[in-house]
>>> print(open('input-v7.cif').read())   # mmCIF, C-alpha atoms
data_upload
#
loop_
_atom_site.group_PDB
_atom_site.id
_atom_site.type_symbol
_atom_site.label_atom_id
_atom_site.label_comp_id
_atom_site.auth_asym_id
_atom_site.auth_seq_id
_atom_site.Cartn_x
_atom_site.Cartn_y
_atom_site.Cartn_z
ATOM 1 C CA MET L 4 0.000 0.000 0.000
ATOM 2 C CA GLN L 5 1.388 3.338 -1.068
ATOM 3 C CA GLU L 6 1.093 6.172 1.471
ATOM 4 C CA ASN L 7 1.230 9.720 0.264
ATOM 5 C CA PRO L 8 3.296 12.049 2.443
ATOM 6 C CA ARG L 9 1.707 15.281 3.620
ATOM 7 C CA ALA L 10 2.958 18.640 2.462
ATOM 8 C CA ASP L 11 5.205 18.933 5.600
ATOM 9 C CA GLY L 12 7.005 15.644 4.743
ATOM 10 C CA PHE L 13 5.383 13.433 7.447
ATOM 11 C CA SER L 14 3.068 10.534 6.680
ATOM 12 C CA ARG L 15 0.296 9.520 9.043
ATOM 13 C CA ARG L 16 2.171 6.270 9.786
ATOM 14 C CA THR L 17 5.331 8.184 10.832
ATOM 15 C CA VAL L 18 3.342 10.339 13.245
ATOM 16 C CA VAL L 19 1.643 7.280 14.830
ATOM 17 C CA LYS L 20 4.981 5.427 15.217
ATOM 18 C CA GLY L 21 6.512 8.490 16.898
ATOM 19 C CA ALA L 22 3.559 8.821 19.280
ATOM 20 C CA ALA L 23 3.782 5.140 20.256
ATOM 21 C CA TRP L 24 7.415 5.557 21.265
ATOM 22 C CA SER L 25 6.906 8.824 23.166
ATOM 23 C CA VAL L 26 4.692 7.335 25.895
ATOM 24 C CA PRO L 27 7.285 4.881 27.314
ATOM 25 C CA VAL L 28 10.046 7.499 27.091
ATOM 26 C CA ILE L 29 7.970 10.029 29.047
ATOM 27 C CA ALA L 30 7.047 7.399 31.660
ATOM 28 C CA ALA L 31 10.712 6.436 32.080
ATOM 29 C CA ALA L 32 11.743 10.069 32.377
ATOM 30 C CA VAL L 33 9.190 10.631 35.135
ATOM 31 C CA ALA L 34 10.160 7.484 37.078
ATOM 32 C CA THR L 35 13.923 8.033 36.971
ATOM 33 C CA PRO L 36 14.125 11.069 39.309
ATOM 34 C CA LEU L 37 12.195 9.205 42.008
ATOM 35 C CA ALA L 38 14.644 6.314 41.926
ATOM 36 C CA ALA L 39 17.639 8.624 41.845
ATOM 37 C CA ALA L 40 16.340 10.640 44.810
ATOM 38 C CA SER L 41 16.268 7.698 47.232
ATOM 39 C CA THR L 42 19.189 7.793 49.650
ATOM 40 C CA PRO L 43 20.425 5.186 52.098
ATOM 41 C CA THR L 44 19.597 5.582 55.776
ATOM 42 C CA PRO L 45 22.454 7.318 57.632
ATOM 43 C CA ALA L 46 24.515 5.311 60.114
ATOM 44 C CA ALA L 47 24.497 5.968 63.852
ATOM 45 C CA ALA L 48 26.575 8.981 64.816
ATOM 46 C CA THR L 49 30.013 8.350 66.270
ATOM 47 C CA PHE L 50 30.780 12.074 66.640
ATOM 48 C CA TRP L 51 28.743 15.163 67.390
ATOM 49 C CA ALA L 52 29.300 18.886 67.241
ATOM 50 C CA THR L 53 27.471 21.940 68.531
ATOM 51 C CA GLY L 54 27.330 25.414 67.114
ATOM 52 C CA ALA L 55 25.707 28.686 68.072
ATOM 53 C CA THR L 56 25.229 31.985 66.289
ATOM 54 C CA VAL L 57 23.390 35.138 67.260
ATOM 55 C CA SER L 58 21.609 37.282 64.702
ATOM 56 C CA VAL L 59 21.378 40.938 65.665
ATOM 57 C CA VAL L 60 19.264 41.580 62.554
ATOM 58 C CA SER L 61 16.571 39.180 63.805
ATOM 59 C CA GLY L 62 16.438 40.694 67.293
ATOM 60 C CA ASN L 63 19.290 38.780 68.924
ATOM 61 C CA VAL L 64 17.898 35.344 68.106
ATOM 62 C CA THR L 65 20.344 32.586 69.058
ATOM 63 C CA ASN L 66 20.557 29.594 66.697
ATOM 64 C CA PHE L 67 21.900 26.567 68.573
ATOM 65 C CA THR L 68 22.637 23.408 66.569
ATOM 66 C CA VAL L 69 23.760 19.867 67.263
ATOM 67 C CA GLU L 70 24.882 17.698 64.363
ATOM 68 C CA GLY L 71 25.780 14.010 64.290
ATOM 69 C CA SER L 72 28.433 12.613 61.963
ATOM 70 C CA ASP L 73 30.166 9.343 61.205
ATOM 71 C CA ALA L 74 33.928 8.734 61.030
ATOM 72 C CA ASP L 75 33.989 10.014 57.426
ATOM 73 C CA GLY L 76 32.260 13.294 58.288
ATOM 74 C CA ASN L 77 28.907 12.344 56.767
ATOM 75 C CA LEU L 78 25.657 13.275 58.520
ATOM 76 C CA ALA L 79 24.698 10.483 60.924
ATOM 77 C CA LEU L 80 21.810 9.710 63.288
ATOM 78 C CA LEU L 81 21.796 11.260 66.747
ATOM 79 C CA PRO L 82 20.552 8.922 69.487
ATOM 80 C CA SER L 83 16.981 9.243 70.702
ATOM 81 C CA GLY L 84 17.048 10.741 74.180
ATOM 82 C CA THR L 85 19.703 13.352 73.336
ATOM 83 C CA SER L 86 18.835 16.408 75.405
ATOM 84 C CA VAL L 87 19.607 20.094 75.556
ATOM 85 C CA LEU L 88 18.949 22.262 78.621
ATOM 86 C CA ILE L 89 19.146 26.050 78.330
ATOM 87 C CA VAL L 90 19.173 27.758 81.742
ATOM 88 C CA PRO L 91 18.993 31.552 82.083
ATOM 89 C CA ASP L 92 20.818 33.549 84.767
ATOM 90 C CA PRO L 93 18.568 35.465 87.201
ATOM 91 C CA GLY L 94 17.003 38.403 85.337
ATOM 92 C CA VAL L 95 17.363 36.781 81.904
ATOM 93 C CA THR L 96 14.307 35.730 79.903
ATOM 94 C CA LEU L 97 14.452 33.085 77.165
ATOM 95 C CA GLN L 98 11.785 33.180 74.462
ATOM 96 C CA LEU L 99 11.624 30.039 72.305
ATOM 97 C CA VAL L 100 11.298 31.017 68.627
ATOM 98 C CA ASN L 101 11.558 27.705 66.747
ATOM 99 C CA ALA L 102 12.912 24.161 67.026
ATOM 100 C CA THR L 103 13.648 21.536 64.377
ATOM 101 C CA GLY L 104 14.357 17.836 65.011
ATOM 102 C CA ILE L 105 13.735 18.064 68.752
ATOM 103 C CA VAL L 106 10.761 18.424 71.129
ATOM 104 C CA THR L 107 11.055 21.520 73.323
ATOM 105 C CA THR L 108 9.410 22.663 76.545
ATOM 106 C CA THR L 109 9.639 26.044 78.241
ATOM 107 C CA ASN L 110 9.733 25.295 81.975
ATOM 108 C CA PRO L 111 8.163 27.375 84.786
ATOM 109 C CA ASP L 112 11.646 28.503 85.935
ATOM 110 C CA GLY L 113 12.271 30.018 82.457
ATOM 111 C CA SER L 114 14.636 27.295 81.260
ATOM 112 C CA ILE L 115 14.127 25.421 77.998
ATOM 113 C CA THR L 116 14.345 21.623 77.859
ATOM 114 C CA ALA L 117 14.675 19.873 74.502
ATOM 115 C CA ILE L 118 14.778 16.113 73.848
ATOM 116 C CA ILE L 119 15.161 14.102 70.637
ATOM 117 C CA THR L 120 12.295 11.606 70.582
ATOM 118 C CA GLY L 121 12.702 10.273 67.024
ATOM 119 C CA SER L 122 15.201 7.777 65.671
ATOM 120 C CA ASP L 123 15.774 9.508 62.329
ATOM 121 C CA VAL L 124 17.353 12.808 63.405
ATOM 122 C CA THR L 125 20.792 13.819 62.096
ATOM 123 C CA ASN L 126 20.772 17.414 63.337
ATOM 124 C CA ILE L 127 18.726 19.700 65.530
ATOM 125 C CA ARG L 128 18.244 23.434 65.679
ATOM 126 C CA ILE L 129 16.833 25.468 68.542
ATOM 127 C CA GLN L 130 16.175 29.173 68.055
ATOM 128 C CA PHE L 131 15.530 31.372 71.070
ATOM 129 C CA ARG L 132 15.734 35.042 72.041
ATOM 130 C CA PRO L 133 17.514 35.873 75.323
ATOM 131 C CA THR L 134 16.896 39.240 76.951
ATOM 132 C CA GLY L 135 18.411 40.608 80.127
ATOM 133 C CA PRO L 136 20.955 43.003 81.588
ATOM 134 C CA SER L 137 24.435 43.241 80.110
ATOM 135 C CA GLY L 138 26.843 40.820 81.787
ATOM 136 C CA SER L 139 24.143 38.274 82.619
ATOM 137 C CA GLY L 140 23.622 35.256 80.424
ATOM 138 C CA TYR L 141 22.584 31.660 80.103
ATOM 139 C CA SER L 142 24.115 28.192 79.862
ATOM 140 C CA ILE L 143 23.433 25.526 77.239
ATOM 141 C CA THR L 144 24.107 21.946 78.342
ATOM 142 C CA THR L 145 23.974 19.144 75.778
ATOM 143 C CA ASN L 146 23.725 15.513 76.948
ATOM 144 C CA ILE L 147 24.190 12.785 74.354
ATOM 145 C CA ASP L 148 25.060 9.105 74.503
ATOM 146 C CA ILE L 149 28.228 9.582 72.415
ATOM 147 C CA ASP L 150 31.584 10.413 74.005
ATOM 148 C CA PRO L 151 32.235 13.173 75.337
ATOM 149 C CA PHE L 152 28.638 12.760 76.627
ATOM 150 C CA THR L 153 28.105 16.280 78.060
ATOM 151 C CA GLU L 154 29.048 19.777 76.965
ATOM 152 C CA THR L 155 28.150 23.061 78.648
ATOM 153 C CA ILE L 156 28.484 26.445 76.961
ATOM 154 C CA ASP L 157 28.192 29.611 79.068
ATOM 155 C CA VAL L 158 27.068 32.746 77.194
ATOM 156 C CA LYS L 159 27.166 36.346 78.463
ATOM 157 C CA LEU L 160 24.899 39.074 77.107
ATOM 158 C CA ARG L 161 26.497 42.334 76.026
#
>>> encode(input="input-v7.cif", output="structure tokens")
Amino acid sequence: MQENPRADGFSRRTVVKGAAWSVPVIAAAVATPLAAASTPTPAAATFWATGATVSVVSGNVTNFTVEGSDADGNLALLPSGTSVLIVPDPGVTLQLVNATGIVTTTNPDGSITAIITGSDVTNIRIQFRPTGPSGSGYSITTNIDIDPFTETIDVKLR
């Protein structure tokens, strides 16, 4: 059977063959990013590090972080039960702003208690705003079941 090409050079059969091939290619292109995005579960942390910054622009909000890592420096899981206690000096008020990866409680004495309750946390972040007289401050104590176990940071307000 002779098929006459259209004026643009395509026959109806060529268009149908092209359409039949495009469906599987599109489906494969959509499925590939999902497979590529899956990552292995991190190992248990063998090391941990804390960090703190204060942003004057955001009203003196302190960003306190704890991050777990393995021996190669990759993010690793922090143990459930890891805790952070932030205790203000007399005359200092702590206002919790935000927390990620950890459950926080503001206690009646003005301190903030935070505990990791999940088993899939590689890092935490606690944001709070301290206010008080210059020279006063607060302490941040981190307890974690990875040597060195406990760290306390004392901060003075300016």
>>> resolve_selection(input="input-v7.cif", expression="the PyMOL selection byres ((chain L and resi 91) around 12)", output="ChimeraX atom specification")
/L:88-90,92-98,109-116,131-136,139-144,156-160
>>> resolve_selection(input="input-v7.cif", expression="the PyMOL selection byres ((chain L and resi 149) around 9)", output="list in words")
Ala48, Thr49, Phe50, Trp51, Leu81, Pro82, Asn146, Ile147, Asp148, Asp150, Pro151, Phe152 and Thr153 of chain L
>>> resolve_selection(input="input-v7.cif", expression="the PyMOL selection byres ((chain L and resi 62-67) around 7)", output="mmCIF file with C-alpha atoms, in the frame of the given file")
data_model
loop_
_atom_site.group_PDB
_atom_site.id
_atom_site.type_symbol
_atom_site.label_atom_id
_atom_site.label_comp_id
_atom_site.auth_asym_id
_atom_site.auth_seq_id
_atom_site.Cartn_x
_atom_site.Cartn_y
_atom_site.Cartn_z
ATOM 1 C CA GLY L 54 27.330 25.414 67.114
ATOM 2 C CA ALA L 55 25.707 28.686 68.072
ATOM 3 C CA THR L 56 25.229 31.985 66.289
ATOM 4 C CA VAL L 57 23.390 35.138 67.260
ATOM 5 C CA SER L 58 21.609 37.282 64.702
ATOM 6 C CA VAL L 59 21.378 40.938 65.665
ATOM 7 C CA VAL L 60 19.264 41.580 62.554
ATOM 8 C CA SER L 61 16.571 39.180 63.805
ATOM 9 C CA THR L 68 22.637 23.408 66.569
ATOM 10 C CA ARG L 128 18.244 23.434 65.679
ATOM 11 C CA ILE L 129 16.833 25.468 68.542
ATOM 12 C CA GLN L 130 16.175 29.173 68.055
ATOM 13 C CA PHE L 131 15.530 31.372 71.070
ATOM 14 C CA ARG L 132 15.734 35.042 72.041
#
>>> atom_distance(input="input-v7.cif", atom1="CA of Asp73 (chain L)", atom2="CA of Asn101 (chain L)")
26.7 Å
>>> atom_distance(input="input-v7.cif", atom1="CA of Thr103 (chain L)", atom2="CA of Thr155 (chain L)")
20.4 Å
>>> atom_distance(input="input-v7.cif", atom1="CA of Ser122 (chain L)", atom2="CA of Asp75 (chain L)")
20.6 Å
>>> residues_near_point(input="input-v7.cif", point="(21.9, 17.4, 62.6)", cutoff="9 Å", atoms="all atoms listed in the file", output="PDB file with C-alpha atoms, in the frame of the given file")
ATOM      1  CA  TRP L  51      28.743  15.163  67.390  1.00  0.00           C
ATOM      2  CA  ALA L  52      29.300  18.886  67.241  1.00  0.00           C
ATOM      3  CA  THR L  68      22.637  23.408  66.569  1.00  0.00           C
ATOM      4  CA  VAL L  69      23.760  19.867  67.263  1.00  0.00           C
ATOM      5  CA  GLU L  70      24.882  17.698  64.363  1.00  0.00           C
ATOM      6  CA  GLY L  71      25.780  14.010  64.290  1.00  0.00           C
ATOM      7  CA  SER L  72      28.433  12.613  61.963  1.00  0.00           C
ATOM      8  CA  LEU L  78      25.657  13.275  58.520  1.00  0.00           C
ATOM      9  CA  ALA L  79      24.698  10.483  60.924  1.00  0.00           C
ATOM     10  CA  LEU L  80      21.810   9.710  63.288  1.00  0.00           C
ATOM     11  CA  LEU L  81      21.796  11.260  66.747  1.00  0.00           C
ATOM     12  CA  GLY L 104      14.357  17.836  65.011  1.00  0.00           C
ATOM     13  CA  VAL L 124      17.353  12.808  63.405  1.00  0.00           C
ATOM     14  CA  THR L 125      20.792  13.819  62.096  1.00  0.00           C
ATOM     15  CA  ASN L 126      20.772  17.414  63.337  1.00  0.00           C
ATOM     16  CA  ILE L 127      18.726  19.700  65.530  1.00  0.00           C
ATOM     17  CA  ARG L 128      18.244  23.434  65.679  1.00  0.00           C
TER      18      ARG L 128
END
>>> closest_residue(input="input-v7.cif", among="L:Ser137, L:Thr44, L:Thr120, L:Arg161", to="Asn77 (chain L)", atoms="only C-alpha atoms")
L:Thr44
>>> axis_aligned_box(input="input-v7.cif", around="region 122-125 of chain L", padding_each_side="4 Å", output="lines of an AutoDock Vina configuration file")
center_x = 18.0
center_y = 10.8
center_z = 63.9
size_x = 13.6
size_y = 14.0
size_z = 11.6
>>> closest_residue(input="input-v7.cif", among="L:Pro45, L:Gly138, L:Gly76, L:Gly84", to="Ile105 (chain L)", atoms="all atoms listed in the file")
L:Gly84
>>> build_atoms(input="input-v7.cif", residues="region 136-151 of chain L", atoms="N, CA and C atoms", output="PDB file, in the frame of the given file")
ATOM      1  N   PRO L 136      19.931  41.965  81.412  1.00  0.00           N
ATOM      2  CA  PRO L 136      20.955  43.003  81.588  1.00  0.00           C
ATOM      3  C   PRO L 136      22.315  42.555  81.053  1.00  0.00           C
ATOM      4  N   SER L 137      23.086  43.505  80.600  1.00  0.00           N
ATOM      5  CA  SER L 137      24.435  43.241  80.110  1.00  0.00           C
ATOM      6  C   SER L 137      25.261  42.567  81.209  1.00  0.00           C
ATOM      7  N   GLY L 138      26.021  41.553  80.823  1.00  0.00           N
ATOM      8  CA  GLY L 138      26.843  40.820  81.787  1.00  0.00           C
ATOM      9  C   GLY L 138      26.173  39.564  82.322  1.00  0.00           C
ATOM     10  N   SER L 139      24.839  39.504  82.229  1.00  0.00           N
ATOM     11  CA  SER L 139      24.143  38.274  82.619  1.00  0.00           C
ATOM     12  C   SER L 139      24.141  37.346  81.413  1.00  0.00           C
ATOM     13  N   GLY L 140      23.597  36.165  81.561  1.00  0.00           N
ATOM     14  CA  GLY L 140      23.622  35.256  80.424  1.00  0.00           C
ATOM     15  C   GLY L 140      22.808  34.006  80.636  1.00  0.00           C
ATOM     16  N   TYR L 141      23.275  32.945  80.024  1.00  0.00           N
ATOM     17  CA  TYR L 141      22.584  31.660  80.103  1.00  0.00           C
ATOM     18  C   TYR L 141      23.603  30.571  79.802  1.00  0.00           C
ATOM     19  N   SER L 142      23.253  29.336  80.175  1.00  0.00           N
ATOM     20  CA  SER L 142      24.115  28.192  79.862  1.00  0.00           C
ATOM     21  C   SER L 142      23.327  27.205  79.010  1.00  0.00           C
ATOM     22  N   ILE L 143      24.026  26.560  78.093  1.00  0.00           N
ATOM     23  CA  ILE L 143      23.433  25.526  77.239  1.00  0.00           C
ATOM     24  C   ILE L 143      24.185  24.236  77.529  1.00  0.00           C
ATOM     25  N   THR L 144      23.490  23.233  78.046  1.00  0.00           N
ATOM     26  CA  THR L 144      24.107  21.946  78.342  1.00  0.00           C
ATOM     27  C   THR L 144      23.515  20.884  77.424  1.00  0.00           C
ATOM     28  N   THR L 145      24.380  20.211  76.691  1.00  0.00           N
ATOM     29  CA  THR L 145      23.974  19.144  75.778  1.00  0.00           C
ATOM     30  C   THR L 145      24.387  17.811  76.381  1.00  0.00           C
ATOM     31  N   ASN L 146      23.448  16.874  76.470  1.00  0.00           N
ATOM     32  CA  ASN L 146      23.725  15.513  76.948  1.00  0.00           C
ATOM     33  C   ASN L 146      23.395  14.545  75.817  1.00  0.00           C
ATOM     34  N   ILE L 147      24.367  13.714  75.473  1.00  0.00           N
ATOM     35  CA  ILE L 147      24.190  12.785  74.354  1.00  0.00           C
ATOM     36  C   ILE L 147      24.973  11.509  74.649  1.00  0.00           C
ATOM     37  N   ASP L 148      24.437  10.394  74.218  1.00  0.00           N
ATOM     38  CA  ASP L 148      25.060   9.105  74.503  1.00  0.00           C
ATOM     39  C   ASP L 148      26.172   8.775  73.504  1.00  0.00           C
ATOM     40  N   ILE L 149      27.035   9.756  73.248  1.00  0.00           N
ATOM     41  CA  ILE L 149      28.228   9.582  72.415  1.00  0.00           C
ATOM     42  C   ILE L 149      29.329  10.363  73.121  1.00  0.00           C
ATOM     43  N   ASP L 150      30.472   9.741  73.323  1.00  0.00           N
ATOM     44  CA  ASP L 150      31.584  10.413  74.005  1.00  0.00           C
ATOM     45  C   ASP L 150      31.882  11.735  73.293  1.00  0.00           C
ATOM     46  N   PRO L 151      31.948  12.882  73.941  1.00  0.00           N
ATOM     47  CA  PRO L 151      32.235  13.173  75.337  1.00  0.00           C
ATOM     48  C   PRO L 151      31.014  13.280  76.233  1.00  0.00           C
TER      49      PRO L 151
END
